[in-house]
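Below is one structure; the comments refer to it alone.
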There are 2 protein chains.
Amino acid sequence: MTLPRRVEPELRKDPVLGRWVIIAGERSQRPNPFRRYPTAVGGGEPCPFCPGHEAMTPKEVLLYAGGAGGADGWKVRVVPNLFPALRIEGSHDKRGEGLYDMMRGIGAHEVVIETPRHDEVPAAFPREQMAEVIRAWRERMIDLLRDTRFQYVLIFKNHGSAAGASLDHAHSQIIALPVTPARIEMELMGTGRYYDYRGRCIYCDILTQELADARRLVAQNADFVAFAPFASRFPFEVTILPRRHEPFFQTLTPALTTTLAEILIDVLRRYRLALNDPPYNVVVHTAPPGYAQPDRYHWQVEVLPKLTEAAGFEWGSGFFINPTPPEEAARALRDLERVMDVPDGHLLPEPAR
Amino acid sequence: MTLPRRVEPELRKDPVLGRWVIIAGERSQRPNPFRRYPTAVGGGEPCPFCPGHEAMTPKEVLLYAGGAGGADGWKVRVVPNLFPALRIEGSHDKRGEGLYDMMRGIGAHEVVIETPRHDEVPAAFPREQMAEVIRAWRERMIDLLRDTRFQYVLIFKNHGSAAGASLDHAHSQIIALPVTPARIEMELMGTGRYYDYRGRCIYCDILTQELADARRLVAQNADFVAFAPFASRFPFEVTILPRRHEPFFQTLTPALTTTLAEILIDVLRRYRLALNDPPYNVVVHTAPPGYAQPDRYHWQVEVLPKLTEAAGFEWGSGFFINPTPPEEAARALRDLERVMDVPDGHLLPEPAR
């Protein structure tokens with residue numbers, strides 16, 4: 001029996017598909033196959049995200065004061081993940097191993113604690129609270145991109161254990177990566193192809209068409225349009241597109257931070273009312289920091305409810321079967337009445353179980 | 001209130017990523033968001049796959065006689081899916097809608113009933129039974145590819161409800177598609193890039209390296225090698241590669257059918273013993289039928305256990321965090337003793353629950 005050894009996280013490149021995967025470090029020689037990668041700080045009995053338990057997390061890298069949290073009160077806290085998928089120290093140390101490519105798992109992994117209130121779900125956030133969360137995403141993204149080792153900052157949220165959340169207390173995550181995710185590379189290729197042919201941003205054209213067509217619209221306000229994508233992979237998938245062409249999420253103004261908060265809460269409330277409080281993921285899509293062709297990309301937010309377990313063979317084939325036409329999903333979400341007609345944050349009717 | 005209308009399945013192309021999605025038809029105006037796409041025939045109380053219930057499924061397109069099933073006995077039956085994701089009749093009718101591309105959902109969707117015995121899991125199949133299943137896959141693939149409307153035949157298996165199976169009785173599925181899945185296109189691009197540079201099949205080189213390295217090996221026999229891929233996206237992912245370069249699955253000989261059955265059962269038994277009978281997916285990867293550069297592709301079988309729910313944001317980002325290094329997964333699977341040392345099909349020790 002040897003002692004447990006410390007394995008550093010590694011980035012490995014799929015030699016055929018070219019995509020990078022984080023192979024997280026292990027503390028033990030015995031892998032636990034059912035271990036979920038901790039998507040949050042801590043995991044003891046008392047909630048480490050609640051006010052008064054600040055000592056259970058690493059020291060915050062960002063704090064917005066003034067809320068109900070802690071001795072002095074806070075609205076949003078951002079802390080390093082106690083079990084980071086990537087490590088902040090060191091250089092990439094890119095190297096090969098025969099035909100394989102790898103590098104050290106350099107990066108940052110932070111957790112955004114979105115509210116001091118343990119039981120407050122994002123669908124019930126006051127608009128101002130969600131705006132503070134989005135402001136924290138942006139502020140951390142800008143700060144992390146100062147580190148030239150990082151090529152991309154991924155902002156995402158897992159809500160509900162079936163969507164990968166390991167703690168109930170509302171939180172999102174920020175991962176700074178030394179590589180650009182393959183999905184973003186593919187989006188840049190696709191938008192570039194369209195631009196080369198038409199000379200326009202494809203997402204601007206999609207926006208025009210969706211607004212004219214209207215069958216897939218879910219919600220809109222002065223700055224954003226939420227719709228069910230034409231080729232949705234999953235039932236009730238929603239894309240939130242800014243009306244104004246802009247490749248970089250981090251250019252978000254205070255005014256747009258508020259309207260984005262508004263439409264995101266709107267979509268989440270529609271899910272809660274129509275779909276019985278489903279688990280879901282939120283992912284911010286933005287151009288890589290140095291992207292030199294800003295006419296071609298259009299940042300956006302993708303919202304994916306996790307309604308079934310049926311996403312099985314899709315991982316292997318890349319092929320998707322969506323049982324719910326996006327027009328029907330959009331209509332079901334759109335037709336809800338009085339979605340926003342509740343006092344800020346208090347409270348939606350409890351969905352039937 | 002209008003009457004329920006019949007919506008034909010449609011293939012829609014993601015305008016940015018270029019991948020096609022099946023948007024399945026609906027019978028009702030009211031979408032049921034929690035509806036799993038039926039991955040099997042029927043769904044009533046008595047199992048439609050059991051002997052004596054043959055009338056509950058459409059008439060078989062293939063039957064291997066001689067087993068315990070039905071009046072005359074059968075070993076394997078292949079039947080059209082009662083709720084097909086695609087329809088066999090008609091032409092593609094490719095068309096645009098503004099900047100979107102779509103076509104009618106032409107294709108075939110069949111179910112392979114792998115055994116007449118309701119409770120027999122594939123890990124416990126006798127080798128001969130699994131060989132019959134693989135023979136049926138191949139025979140159906142060859143037959144479906146005679147239809148020139150089809151560009152690709154996807155063979156896959158969902159085991160366990162968390163992996164997408166809607167019935168317990170062991171079965172796999174065959175989908176004939178009018179397009180090549182994006183994943184396969186990407187594999188062809190990646191293998192082509194390597195071939196252009198090195199003049200060799202990348203999978204042949206991977207095989208050589210994995211055999212020499214040995215840390216990621218799981219099992220092998222005269223014709224196949226099973227290993228945990230270097231950049232595994234999921235814990236305990238396994239690739240089964242034929243030792244001999246061959247781009248097309250459908251060229252499988254009777255001898256290789258037997259050895260493939262053997263190694264597939266071997267891997268599934270290792271899962272059952274090491275991972276407590278996990279849900280899993282099996283996907284066959286093969287070159288599209290007309291692929292004119294056979295030196296560049298190498299067919300293979302991918303096996304993906306579904307061990308956690310944590311695959312959330314990956315759908316949006318395309319970025320994966322794998323908590324279990326493939327070397328540790330391979331060691332855990334490899335180190336099992338007496339995996340194959342049980343009388344054919346009867347029976348592994350019940351995994352602890």
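Chain identifiers are assigned as A, B, and so on, following the order in which chains appear in the structure tokens; residues are numbered from 1 within each chain, and ligands are numbered from 1 in order of appearance.
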I'm after chain A in the frame of chain B: fit it by least squares over all Cα atoms matched in order, and give me the output as a CSV table (one decimal) with C-alpha atoms, in the first residue's frame.
```csv
chain,number,residue,atom,x,y,z
A,1,MET,CA,-59.3,23.9,-29.0
A,2,THR,CA,-58.0,22.5,-32.2
A,3,LEU,CA,-57.5,18.8,-32.9
A,4,PRO,CA,-54.1,17.3,-32.4
A,5,ARG,CA,-52.2,17.5,-35.6
A,6,ARG,CA,-49.6,15.3,-37.1
A,7,VAL,CA,-46.2,16.9,-37.3
A,8,GLU,CA,-43.6,15.2,-39.5
A,9,PRO,CA,-40.1,14.8,-38.2
A,10,GLU,CA,-37.6,17.3,-39.6
A,11,LEU,CA,-33.9,17.6,-39.9
A,12,ARG,CA,-32.6,21.0,-39.1
A,13,LYS,CA,-29.1,22.3,-39.5
A,14,ASP,CA,-27.5,24.6,-36.9
A,15,PRO,CA,-26.6,27.6,-39.0
A,16,VAL,CA,-23.4,28.3,-37.1
A,17,LEU,CA,-22.1,24.9,-36.1
A,18,GLY,CA,-23.3,23.0,-39.2
A,19,ARG,CA,-24.7,20.1,-37.3
A,20,TRP,CA,-28.0,18.5,-38.0
A,21,VAL,CA,-30.6,17.8,-35.3
A,22,ILE,CA,-33.7,15.6,-35.6
A,23,ILE,CA,-36.7,17.6,-34.5
A,24,ALA,CA,-39.1,14.8,-33.9
A,25,GLY,CA,-42.8,15.1,-34.8
A,26,GLU,CA,-45.4,15.6,-32.2
A,27,ARG,CA,-48.8,14.2,-31.9
A,28,SER,CA,-50.2,16.8,-29.6
A,29,GLN,CA,-50.4,20.5,-29.5
A,30,ARG,CA,-49.2,20.4,-25.9
A,31,PRO,CA,-45.6,19.5,-25.6
A,32,ASN,CA,-44.7,17.3,-22.7
A,33,PRO,CA,-41.3,18.7,-21.6
A,34,PHE,CA,-40.5,15.6,-19.6
A,35,ARG,CA,-41.2,13.2,-22.4
A,36,ARG,CA,-38.3,11.0,-23.1
A,37,TYR,CA,-38.0,10.2,-26.8
A,38,PRO,CA,-39.1,6.6,-27.0
A,39,THR,CA,-36.0,4.6,-27.6
A,40,ALA,CA,-37.9,1.4,-27.9
A,41,VAL,CA,-41.0,-0.2,-29.3
A,42,GLY,CA,-44.1,0.0,-27.3
A,43,GLY,CA,-44.3,0.7,-23.6
A,44,GLY,CA,-47.3,-1.0,-22.2
A,45,GLU,CA,-47.2,-3.1,-19.1
A,46,PRO,CA,-46.3,-6.5,-20.6
A,47,CYS,CA,-42.8,-6.3,-22.1
A,48,PRO,CA,-43.2,-5.9,-25.9
A,49,PHE,CA,-39.7,-7.5,-26.4
A,50,CYS,CA,-40.5,-10.8,-24.6
A,51,PRO,CA,-41.3,-14.0,-26.5
A,52,GLY,CA,-45.1,-14.4,-27.0
A,53,HIS,CA,-45.5,-10.6,-27.3
A,54,GLU,CA,-44.2,-10.4,-30.8
A,55,ALA,CA,-47.5,-8.9,-32.0
A,56,MET,CA,-46.9,-5.8,-29.8
A,57,THR,CA,-44.1,-4.7,-32.1
A,58,PRO,CA,-44.2,-4.0,-35.9
A,59,LYS,CA,-43.3,-7.1,-38.0
A,60,GLU,CA,-39.6,-7.8,-37.8
A,61,VAL,CA,-37.2,-6.9,-40.5
A,62,LEU,CA,-34.7,-9.5,-39.4
A,63,LEU,CA,-35.0,-12.6,-37.2
A,64,TYR,CA,-32.4,-15.1,-36.1
A,65,ALA,CA,-34.3,-18.3,-35.3
A,66,GLY,CA,-33.4,-21.0,-32.9
A,67,GLY,CA,-33.5,-19.4,-29.4
A,68,ALA,CA,-36.0,-19.6,-26.7
A,69,GLY,CA,-38.2,-16.9,-28.1
A,70,GLY,CA,-41.8,-17.3,-29.5
A,71,ALA,CA,-43.5,-20.4,-30.8
A,72,ASP,CA,-40.7,-21.2,-33.2
A,73,GLY,CA,-37.9,-19.7,-31.1
A,74,TRP,CA,-35.6,-16.7,-31.9
A,75,LYS,CA,-32.3,-15.4,-30.7
A,76,VAL,CA,-32.4,-11.9,-32.0
A,77,ARG,CA,-35.2,-9.9,-33.6
A,78,VAL,CA,-34.9,-6.5,-35.4
A,79,VAL,CA,-38.1,-4.5,-35.7
A,80,PRO,CA,-39.0,-1.0,-36.8
A,81,ASN,CA,-39.3,1.4,-33.9
A,82,LEU,CA,-43.0,2.0,-33.2
A,83,PHE,CA,-42.2,5.7,-32.5
A,84,PRO,CA,-39.5,6.3,-35.1
A,85,ALA,CA,-37.5,9.5,-34.9
A,86,LEU,CA,-37.4,9.4,-38.7
A,87,ARG,CA,-39.8,8.2,-41.4
A,88,ILE,CA,-38.9,5.8,-44.1
A,89,GLU,CA,-41.1,7.2,-46.9
A,90,GLY,CA,-40.5,10.0,-49.3
A,91,SER,CA,-37.8,12.2,-50.5
A,92,HIS,CA,-35.5,14.6,-48.7
A,93,ASP,CA,-37.3,17.8,-49.8
A,94,LYS,CA,-34.3,20.0,-48.8
A,95,ARG,CA,-35.3,23.6,-48.4
A,96,GLY,CA,-34.4,26.8,-46.7
A,97,GLU,CA,-36.3,29.2,-44.5
A,98,GLY,CA,-34.5,32.4,-44.5
A,99,LEU,CA,-31.0,31.6,-43.4
A,100,TYR,CA,-32.0,28.2,-42.0
A,101,ASP,CA,-31.7,24.9,-43.8
A,102,MET,CA,-33.9,21.9,-43.2
A,103,MET,CA,-35.1,18.7,-44.8
A,104,ARG,CA,-37.8,16.1,-44.1
A,105,GLY,CA,-36.9,13.6,-41.5
A,106,ILE,CA,-36.3,10.7,-43.9
A,107,GLY,CA,-34.6,7.7,-42.4
A,108,ALA,CA,-35.0,4.5,-40.6
A,109,HIS,CA,-35.2,3.8,-36.9
A,110,GLU,CA,-35.0,0.1,-35.9
A,111,VAL,CA,-34.7,-1.7,-32.6
A,112,VAL,CA,-32.5,-4.8,-32.1
A,113,ILE,CA,-34.0,-7.0,-29.4
A,114,GLU,CA,-30.8,-8.6,-28.2
A,115,THR,CA,-32.1,-11.7,-26.4
A,116,PRO,CA,-35.4,-13.4,-25.8
A,117,ARG,CA,-34.6,-13.5,-22.0
A,118,HIS,CA,-36.1,-10.5,-20.3
A,119,ASP,CA,-33.7,-10.3,-17.4
A,120,GLU,CA,-30.4,-11.1,-19.2
A,121,VAL,CA,-28.1,-8.1,-19.2
A,122,PRO,CA,-25.5,-7.8,-22.0
A,123,ALA,CA,-22.7,-8.2,-19.5
A,124,ALA,CA,-24.0,-11.7,-18.8
A,125,PHE,CA,-24.6,-12.7,-22.5
A,126,PRO,CA,-23.0,-15.8,-23.7
A,127,ARG,CA,-20.4,-14.8,-26.3
A,128,GLU,CA,-22.5,-16.4,-29.0
A,129,GLN,CA,-25.5,-14.3,-28.1
A,130,MET,CA,-23.5,-11.1,-28.3
A,131,ALA,CA,-22.0,-12.3,-31.7
A,132,GLU,CA,-25.6,-12.7,-33.0
A,133,VAL,CA,-26.4,-9.1,-31.9
A,134,ILE,CA,-23.3,-7.8,-33.7
A,135,ARG,CA,-24.1,-9.9,-36.8
A,136,ALA,CA,-27.6,-8.3,-36.8
A,137,TRP,CA,-26.1,-4.8,-36.5
A,138,ARG,CA,-23.9,-5.5,-39.6
A,139,GLU,CA,-26.6,-7.1,-41.6
A,140,ARG,CA,-29.1,-4.3,-41.0
A,141,MET,CA,-26.4,-1.7,-41.8
A,142,ILE,CA,-25.6,-3.3,-45.1
A,143,ASP,CA,-29.3,-3.6,-46.0
A,144,LEU,CA,-30.0,0.0,-45.0
A,145,LEU,CA,-27.1,1.4,-47.0
A,146,ARG,CA,-28.6,-0.1,-50.1
A,147,ASP,CA,-31.0,2.8,-49.9
A,148,THR,CA,-29.1,5.7,-51.5
A,149,ARG,CA,-31.0,8.3,-49.6
A,150,PHE,CA,-29.1,7.3,-46.5
A,151,GLN,CA,-25.6,8.8,-45.8
A,152,TYR,CA,-24.9,7.2,-42.5
A,153,VAL,CA,-26.1,4.3,-40.3
A,154,LEU,CA,-25.7,5.0,-36.6
A,155,ILE,CA,-25.6,1.9,-34.3
A,156,PHE,CA,-25.9,2.5,-30.6
A,157,LYS,CA,-27.0,1.0,-27.3
A,158,ASN,CA,-28.5,2.7,-24.2
A,159,HIS,CA,-28.3,0.5,-21.1
A,160,GLY,CA,-30.1,1.6,-18.0
A,161,SER,CA,-32.6,4.4,-17.8
A,162,ALA,CA,-30.0,7.0,-16.8
A,163,ALA,CA,-28.3,6.3,-20.2
A,164,GLY,CA,-31.6,6.8,-22.0
A,165,ALA,CA,-33.1,3.3,-22.2
A,166,SER,CA,-36.9,3.3,-21.9
A,167,LEU,CA,-37.3,-0.4,-21.5
A,168,ASP,CA,-35.3,-2.9,-19.4
A,169,HIS,CA,-35.2,-5.7,-21.9
A,170,ALA,CA,-31.8,-5.6,-23.6
A,171,HIS,CA,-31.9,-3.8,-26.9
A,172,SER,CA,-29.9,-1.6,-29.2
A,173,GLN,CA,-30.9,0.8,-31.9
A,174,ILE,CA,-30.1,1.5,-35.5
A,175,ILE,CA,-30.8,4.9,-37.1
A,176,ALA,CA,-30.2,5.4,-40.8
A,177,LEU,CA,-29.6,9.1,-41.5
A,178,PRO,CA,-29.8,11.3,-44.7
A,179,VAL,CA,-26.7,13.2,-43.4
A,180,THR,CA,-23.4,12.3,-41.8
A,181,PRO,CA,-23.3,13.2,-38.0
A,182,ALA,CA,-21.1,16.2,-37.2
A,183,ARG,CA,-19.0,14.1,-34.9
A,184,ILE,CA,-18.1,11.7,-37.7
A,185,GLU,CA,-17.3,14.7,-40.0
A,186,MET,CA,-15.0,16.0,-37.3
A,187,GLU,CA,-13.3,12.7,-36.9
A,188,LEU,CA,-12.7,12.5,-40.6
A,189,MET,CA,-11.2,16.0,-40.6
A,190,GLY,CA,-9.0,15.1,-37.7
A,191,THR,CA,-7.8,11.8,-39.1
A,192,GLY,CA,-7.3,13.5,-42.5
A,193,ARG,CA,-5.1,16.2,-40.9
A,194,TYR,CA,-2.9,13.6,-39.3
A,195,TYR,CA,-2.7,11.6,-42.5
A,196,ASP,CA,-1.7,14.6,-44.6
A,197,TYR,CA,1.1,15.3,-42.2
A,198,ARG,CA,2.3,11.8,-41.3
A,199,GLY,CA,1.0,9.6,-44.1
A,200,ARG,CA,-0.4,7.1,-41.6
A,201,CYS,CA,-3.7,6.3,-39.9
A,202,ILE,CA,-3.8,8.1,-36.5
A,203,TYR,CA,-5.7,5.3,-34.9
A,204,CYS,CA,-3.1,2.7,-36.0
A,205,ASP,CA,-0.5,4.9,-34.4
A,206,ILE,CA,-2.6,5.3,-31.2
A,207,LEU,CA,-2.9,1.5,-31.1
A,208,THR,CA,0.9,1.1,-31.3
A,209,GLN,CA,1.4,3.7,-28.6
A,210,GLU,CA,-1.2,2.4,-26.2
A,211,LEU,CA,0.1,-1.1,-26.5
A,212,ALA,CA,3.6,0.0,-25.8
A,213,ASP,CA,2.6,2.3,-23.0
A,214,ALA,CA,0.2,-0.2,-21.4
A,215,ARG,CA,-1.0,2.2,-18.7
A,216,ARG,CA,-4.4,2.8,-20.3
A,217,LEU,CA,-5.0,-0.8,-21.5
A,218,VAL,CA,-8.2,-2.4,-20.2
A,219,ALA,CA,-8.4,-5.7,-22.2
A,220,GLN,CA,-7.3,-7.2,-25.5
A,221,ASN,CA,-7.7,-10.3,-27.6
A,222,ALA,CA,-6.3,-11.4,-31.0
A,223,ASP,CA,-8.3,-8.9,-33.0
A,224,PHE,CA,-9.2,-6.0,-30.6
A,225,VAL,CA,-7.7,-3.7,-28.0
A,226,ALA,CA,-9.8,-2.0,-25.4
A,227,PHE,CA,-8.3,1.1,-23.7
A,228,ALA,CA,-9.2,4.3,-21.9
A,229,PRO,CA,-8.6,7.2,-24.3
A,230,PHE,CA,-5.8,9.6,-23.4
A,231,ALA,CA,-8.1,12.6,-23.4
A,232,SER,CA,-11.2,10.8,-22.0
A,233,ARG,CA,-14.1,13.1,-21.4
A,234,PHE,CA,-15.8,10.9,-18.9
A,235,PRO,CA,-14.6,8.6,-16.1
A,236,PHE,CA,-14.1,5.0,-17.3
A,237,GLU,CA,-14.7,5.8,-21.0
A,238,VAL,CA,-13.4,2.9,-23.2
A,239,THR,CA,-12.5,2.7,-26.9
A,240,ILE,CA,-12.4,-0.7,-28.6
A,241,LEU,CA,-10.1,-0.6,-31.6
A,242,PRO,CA,-9.6,-3.4,-34.2
A,243,ARG,CA,-5.9,-4.2,-34.5
A,244,ARG,CA,-6.2,-4.4,-38.3
A,245,HIS,CA,-6.8,-1.1,-40.1
A,246,GLU,CA,-10.2,-1.0,-41.6
A,247,PRO,CA,-12.5,2.0,-42.1
A,248,PHE,CA,-15.9,0.2,-42.4
A,249,PHE,CA,-17.6,-1.7,-39.7
A,250,GLN,CA,-19.7,-3.5,-42.2
A,251,THR,CA,-16.6,-5.4,-43.5
A,252,LEU,CA,-16.6,-7.3,-40.2
A,253,THR,CA,-15.9,-11.0,-40.8
A,254,PRO,CA,-17.6,-13.8,-38.8
A,255,ALA,CA,-14.3,-14.4,-37.0
A,256,LEU,CA,-14.1,-10.8,-35.9
A,257,THR,CA,-17.7,-10.7,-35.0
A,258,THR,CA,-16.9,-13.4,-32.4
A,259,THR,CA,-13.8,-11.6,-31.1
A,260,LEU,CA,-15.6,-8.3,-30.9
A,261,ALA,CA,-18.4,-9.9,-29.0
A,262,GLU,CA,-15.9,-11.3,-26.6
A,263,ILE,CA,-14.1,-8.1,-25.9
A,264,LEU,CA,-17.4,-6.1,-25.6
A,265,ILE,CA,-18.7,-8.6,-23.0
A,266,ASP,CA,-15.3,-8.4,-21.3
A,267,VAL,CA,-15.6,-4.6,-21.0
A,268,LEU,CA,-19.2,-4.7,-19.9
A,269,ARG,CA,-18.4,-7.3,-17.2
A,270,ARG,CA,-15.5,-5.2,-16.0
A,271,TYR,CA,-18.0,-2.2,-15.6
A,272,ARG,CA,-20.4,-4.5,-13.8
A,273,LEU,CA,-17.9,-5.7,-11.4
A,274,ALA,CA,-15.9,-2.5,-10.8
A,275,LEU,CA,-18.7,0.1,-11.1
A,276,ASN,CA,-21.7,-1.6,-9.7
A,277,ASP,CA,-23.7,-2.2,-12.9
A,278,PRO,CA,-23.6,1.3,-14.2
A,279,PRO,CA,-25.8,2.7,-17.0
A,280,TYR,CA,-23.8,3.0,-20.2
A,281,ASN,CA,-23.9,3.8,-23.9
A,282,VAL,CA,-22.2,1.9,-26.8
A,283,VAL,CA,-21.7,3.7,-30.1
A,284,VAL,CA,-20.2,2.2,-33.3
A,285,HIS,CA,-18.0,4.6,-35.2
A,286,THR,CA,-17.6,3.8,-38.9
A,287,ALA,CA,-16.7,5.7,-42.1
A,288,PRO,CA,-19.6,6.9,-44.2
A,289,PRO,CA,-20.4,4.4,-46.9
A,290,GLY,CA,-18.9,6.2,-49.9
A,291,TYR,CA,-15.8,7.4,-48.0
A,292,ALA,CA,-13.1,7.5,-50.7
A,293,GLN,CA,-10.0,7.7,-48.5
A,294,PRO,CA,-10.1,4.4,-46.6
A,295,ASP,CA,-6.4,4.7,-45.5
A,296,ARG,CA,-7.5,7.5,-43.1
A,297,TYR,CA,-10.3,6.1,-41.0
A,298,HIS,CA,-10.4,3.2,-38.6
A,299,TRP,CA,-13.7,2.0,-37.3
A,300,GLN,CA,-14.2,1.5,-33.6
A,301,VAL,CA,-16.6,1.1,-30.7
A,302,GLU,CA,-16.9,3.7,-28.0
A,303,VAL,CA,-18.3,2.7,-24.6
A,304,LEU,CA,-19.4,5.4,-22.2
A,305,PRO,CA,-20.5,4.6,-18.7
A,306,LYS,CA,-22.9,7.2,-17.2
A,307,LEU,CA,-21.6,7.6,-13.7
A,308,THR,CA,-22.6,11.1,-12.6
A,309,GLU,CA,-25.1,13.7,-13.5
A,310,ALA,CA,-22.3,16.3,-13.5
A,311,ALA,CA,-22.2,16.6,-17.3
A,312,GLY,CA,-24.0,19.9,-17.3
A,313,PHE,CA,-22.3,22.9,-18.7
A,314,GLU,CA,-20.4,20.7,-21.1
A,315,TRP,CA,-23.3,20.8,-23.4
A,316,GLY,CA,-23.0,24.5,-23.7
A,317,SER,CA,-19.3,24.9,-23.6
A,318,GLY,CA,-18.0,21.8,-25.3
A,319,PHE,CA,-15.5,21.8,-22.5
A,320,PHE,CA,-15.0,18.7,-20.3
A,321,ILE,CA,-13.7,18.1,-16.8
A,322,ASN,CA,-13.0,14.5,-16.1
A,323,PRO,CA,-12.4,13.8,-12.4
A,324,THR,CA,-10.8,10.3,-13.0
A,325,PRO,CA,-7.5,10.1,-14.9
A,326,PRO,CA,-7.9,7.4,-17.6
A,327,GLU,CA,-4.7,5.7,-16.3
A,328,GLU,CA,-6.5,5.1,-13.0
A,329,ALA,CA,-9.8,4.0,-14.6
A,330,ALA,CA,-7.9,1.6,-16.8
A,331,ARG,CA,-6.0,0.2,-13.8
A,332,ALA,CA,-9.2,-0.3,-11.8
A,333,LEU,CA,-10.8,-2.1,-14.8
A,334,ARG,CA,-7.7,-4.1,-15.7
A,335,ASP,CA,-6.9,-5.3,-12.2
A,336,LEU,CA,-10.2,-7.2,-11.8
A,337,GLU,CA,-9.5,-10.9,-11.6
A,338,ARG,CA,-11.5,-13.6,-13.2
A,339,VAL,CA,-13.7,-11.3,-15.3
A,340,MET,CA,-14.2,-13.8,-18.0
A,341,ASP,CA,-13.8,-16.8,-15.8
A,342,VAL,CA,-17.4,-17.5,-15.4
A,343,PRO,CA,-19.5,-20.0,-17.4
A,344,ASP,CA,-20.9,-18.2,-20.4
A,345,GLY,CA,-23.7,-16.0,-19.4
A,346,HIS,CA,-24.3,-17.6,-16.0
A,347,LEU,CA,-23.6,-15.5,-14.1
A,348,LEU,CA,-21.7,-12.7,-12.5
A,349,PRO,CA,-22.0,-12.2,-8.8
A,350,GLU,CA,-24.8,-9.7,-8.2
A,351,PRO,CA,-23.1,-6.3,-7.7
A,352,ALA,CA,-23.7,-4.8,-4.3
A,353,ARG,CA,-26.4,-2.2,-4.2
```
Original post:
If you run DSSP on this backbone, which residues of segment 216-325 of chain B come out as strand (DSSP E or B), and could you give them as JSON, numbers by chain?
Top reply: {"B": [217, 218, 219, 220, 224, 225, 226, 227, 238, 239, 240, 241, 242, 280, 281, 282, 283, 284, 285, 300, 301, 302, 303, 304, 305, 320, 321, 322]}
Keeping only C-alpha atoms, write those residues as a PDB file, in the first residue's frame.
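Contents of the output file again11.pdb:
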```pdb
ATOM      1  CA  LEU B 217      -5.057  -0.763 -21.516  1.00  0.00           C
ATOM      2  CA  VAL B 218      -8.202  -2.449 -20.251  1.00  0.00           C
ATOM      3  CA  ALA B 219      -8.429  -5.697 -22.223  1.00  0.00           C
ATOM      4  CA  GLN B 220      -7.293  -7.247 -25.472  1.00  0.00           C
ATOM      5  CA  PHE B 224      -9.202  -6.002 -30.658  1.00  0.00           C
ATOM      6  CA  VAL B 225      -7.709  -3.740 -28.015  1.00  0.00           C
ATOM      7  CA  ALA B 226      -9.813  -1.949 -25.384  1.00  0.00           C
ATOM      8  CA  PHE B 227      -8.277   1.084 -23.706  1.00  0.00           C
ATOM      9  CA  VAL B 238     -13.374   2.915 -23.164  1.00  0.00           C
ATOM     10  CA  THR B 239     -12.511   2.679 -26.866  1.00  0.00           C
ATOM     11  CA  ILE B 240     -12.407  -0.717 -28.577  1.00  0.00           C
ATOM     12  CA  LEU B 241     -10.146  -0.574 -31.647  1.00  0.00           C
ATOM     13  CA  PRO B 242      -9.641  -3.368 -34.171  1.00  0.00           C
ATOM     14  CA  TYR B 280     -23.798   3.020 -20.231  1.00  0.00           C
ATOM     15  CA  ASN B 281     -23.894   3.794 -23.951  1.00  0.00           C
ATOM     16  CA  VAL B 282     -22.217   1.916 -26.768  1.00  0.00           C
ATOM     17  CA  VAL B 283     -21.688   3.683 -30.107  1.00  0.00           C
ATOM     18  CA  VAL B 284     -20.219   2.212 -33.300  1.00  0.00           C
ATOM     19  CA  HIS B 285     -18.043   4.650 -35.262  1.00  0.00           C
ATOM     20  CA  GLN B 300     -14.186   1.506 -33.594  1.00  0.00           C
ATOM     21  CA  VAL B 301     -16.608   1.062 -30.727  1.00  0.00           C
ATOM     22  CA  GLU B 302     -16.954   3.671 -27.996  1.00  0.00           C
ATOM     23  CA  VAL B 303     -18.280   2.663 -24.569  1.00  0.00           C
ATOM     24  CA  LEU B 304     -19.369   5.421 -22.194  1.00  0.00           C
ATOM     25  CA  PRO B 305     -20.555   4.633 -18.679  1.00  0.00           C
ATOM     26  CA  PHE B 320     -15.041  18.741 -20.293  1.00  0.00           C
ATOM     27  CA  ILE B 321     -13.698  18.161 -16.809  1.00  0.00           C
ATOM     28  CA  ASN B 322     -12.948  14.518 -16.113  1.00  0.00           C
TER      29      ASN B 322
END
```
**OP:** Report the residues of segment 76-269 of chain B whose backbone DSSP state falls under helix (DSSP H, G or I), written as a PyMOL selection string.
**Re:** chain B and resi 122-124+127-144+161-163+182-198+202-213+249-251+254-269
